[in-house]
Amino acid sequence: MKKLLVIVAILLVAVLMVMTRPEKDAHKEAMMKAVKEFVDEEADERGFGDNVLTSLGKNIVNKTVETALNAKLKMDDYYLFNTTHVRLKGKDQLLSVGLLGQVITFDKKMLREKLEEAMQSKEEAANEKEAAKQSAKELKQLEKEQKKREKELEKERKRQEKEARKEQKRLEKEAKKRAKESKD
């Protein structure tokens with residue numbers, strides 16, 4: 001009889017676990033709550049006060065993470081529980097486990113590392129973009145200076161040709177004048 005009770009209890013717990021598995025939206029909500037807490041802690045840690053810019057920055061980070069979660073969050077269902085993960089740098093990163101109606105998100109340290117990596121790669125991309133922009137600007141300036149030098153050289157060449165023609169005419173005049181004087 002005890003074996004039957006144990007089996008029934010195990011079956012009831014299994015049915016309860018199957019029936020109370022959280023949905024993917026519950027995982028997203030739990031992760032967004034963890035992200036919001038993390039962002040708030042980071043803002044406080046770094047000494048950003050509660051002002052419009054800080055709130056705007058927090059909202060941007062939250063919306064960016066939410067968009068990324070909507071696009072990249074994958075859920076694996078194991079009937080008794082489920083897990084979510086994202087693929088980062090070619091590896092699946094486990095983010096949460098859901099069972100008995102609860103979602104357990106993993107430690108803030110991992111979240112902090114992943115957000116810092118994302119922010120760092122975004123910052124590097126922005127720096128690369130800025131460097132490319134600066135290089136393009138410098139190249140444009142060099143091209144402009146080169147055209148200016150070419151114009152100046154062309155102007156100088158024309159001035160020298162003009163002087164050479166004047167000198168040629170002066171020499172021709174002098175030669176005519178000498179020829180005329182020698183005839184007289």
# chains A, B, ... in the order shown; residues from 1 in each chain; ligands from 1
>>> select_by_dssp(residues="chain A", states="helix (DSSP H, G or I)", output="PyMOL selection string")
chain A and resi 2-19+24-45+52-72+108-183
>>> select_by_dssp(residues="region 90-172 of chain A", states="strand (DSSP E)", output="tab-separated table (two decimals) with N, CA, C and O atoms, in the first residue's frame")
chain	number	residue	atom	x	y	z
A	91	LYS	N	27.79	30.24	-28.23
A	91	LYS	CA	27.49	29.34	-27.12
A	91	LYS	C	26.10	29.65	-26.59
A	91	LYS	O	25.69	30.80	-26.53
A	92	ASP	N	25.39	28.58	-26.18
A	92	ASP	CA	24.10	28.77	-25.53
A	92	ASP	C	24.35	29.16	-24.07
A	92	ASP	O	25.09	28.47	-23.36
A	93	GLN	N	23.74	30.25	-23.65
A	93	GLN	CA	23.89	30.74	-22.28
A	93	GLN	C	22.56	30.56	-21.56
A	93	GLN	O	21.57	31.17	-21.93
A	94	LEU	N	22.52	29.69	-20.56
A	94	LEU	CA	21.31	29.42	-19.79
A	94	LEU	C	20.97	30.66	-18.96
A	94	LEU	O	21.81	31.20	-18.26
A	95	LEU	N	19.72	31.14	-19.08
A	95	LEU	CA	19.32	32.35	-18.38
A	95	LEU	C	18.35	32.10	-17.24
A	95	LEU	O	18.40	32.79	-16.23
A	96	SER	N	17.44	31.12	-17.41
A	96	SER	CA	16.45	30.90	-16.35
A	96	SER	C	15.91	29.49	-16.41
A	96	SER	O	15.98	28.82	-17.44
A	97	VAL	N	15.36	29.08	-15.26
A	97	VAL	CA	14.69	27.79	-15.14
A	97	VAL	C	13.31	28.06	-14.57
A	97	VAL	O	13.16	28.85	-13.63
A	98	GLY	N	12.31	27.44	-15.15
A	98	GLY	CA	10.95	27.62	-14.66
A	98	GLY	C	10.37	26.31	-14.19
A	98	GLY	O	10.41	25.32	-14.90
A	99	LEU	N	9.83	26.31	-12.94
A	99	LEU	CA	9.14	25.14	-12.45
A	99	LEU	C	8.21	25.55	-11.32
A	99	LEU	O	8.46	26.53	-10.62
A	102	GLN	N	7.15	29.17	-10.93
A	102	GLN	CA	8.19	30.14	-10.59
A	102	GLN	C	9.28	30.14	-11.66
A	102	GLN	O	9.57	29.13	-12.28
A	103	VAL	N	9.89	31.32	-11.84
A	103	VAL	CA	11.02	31.44	-12.75
A	103	VAL	C	12.22	31.85	-11.93
A	103	VAL	O	12.19	32.83	-11.18
A	104	ILE	N	13.26	31.07	-12.04
A	104	ILE	CA	14.50	31.36	-11.32
A	104	ILE	C	15.50	31.88	-12.34
A	104	ILE	O	15.89	31.17	-13.28
A	105	THR	N	15.87	33.15	-12.17
A	105	THR	CA	16.89	33.72	-13.06
A	105	THR	C	18.24	33.54	-12.39
A	105	THR	O	18.34	33.47	-11.16
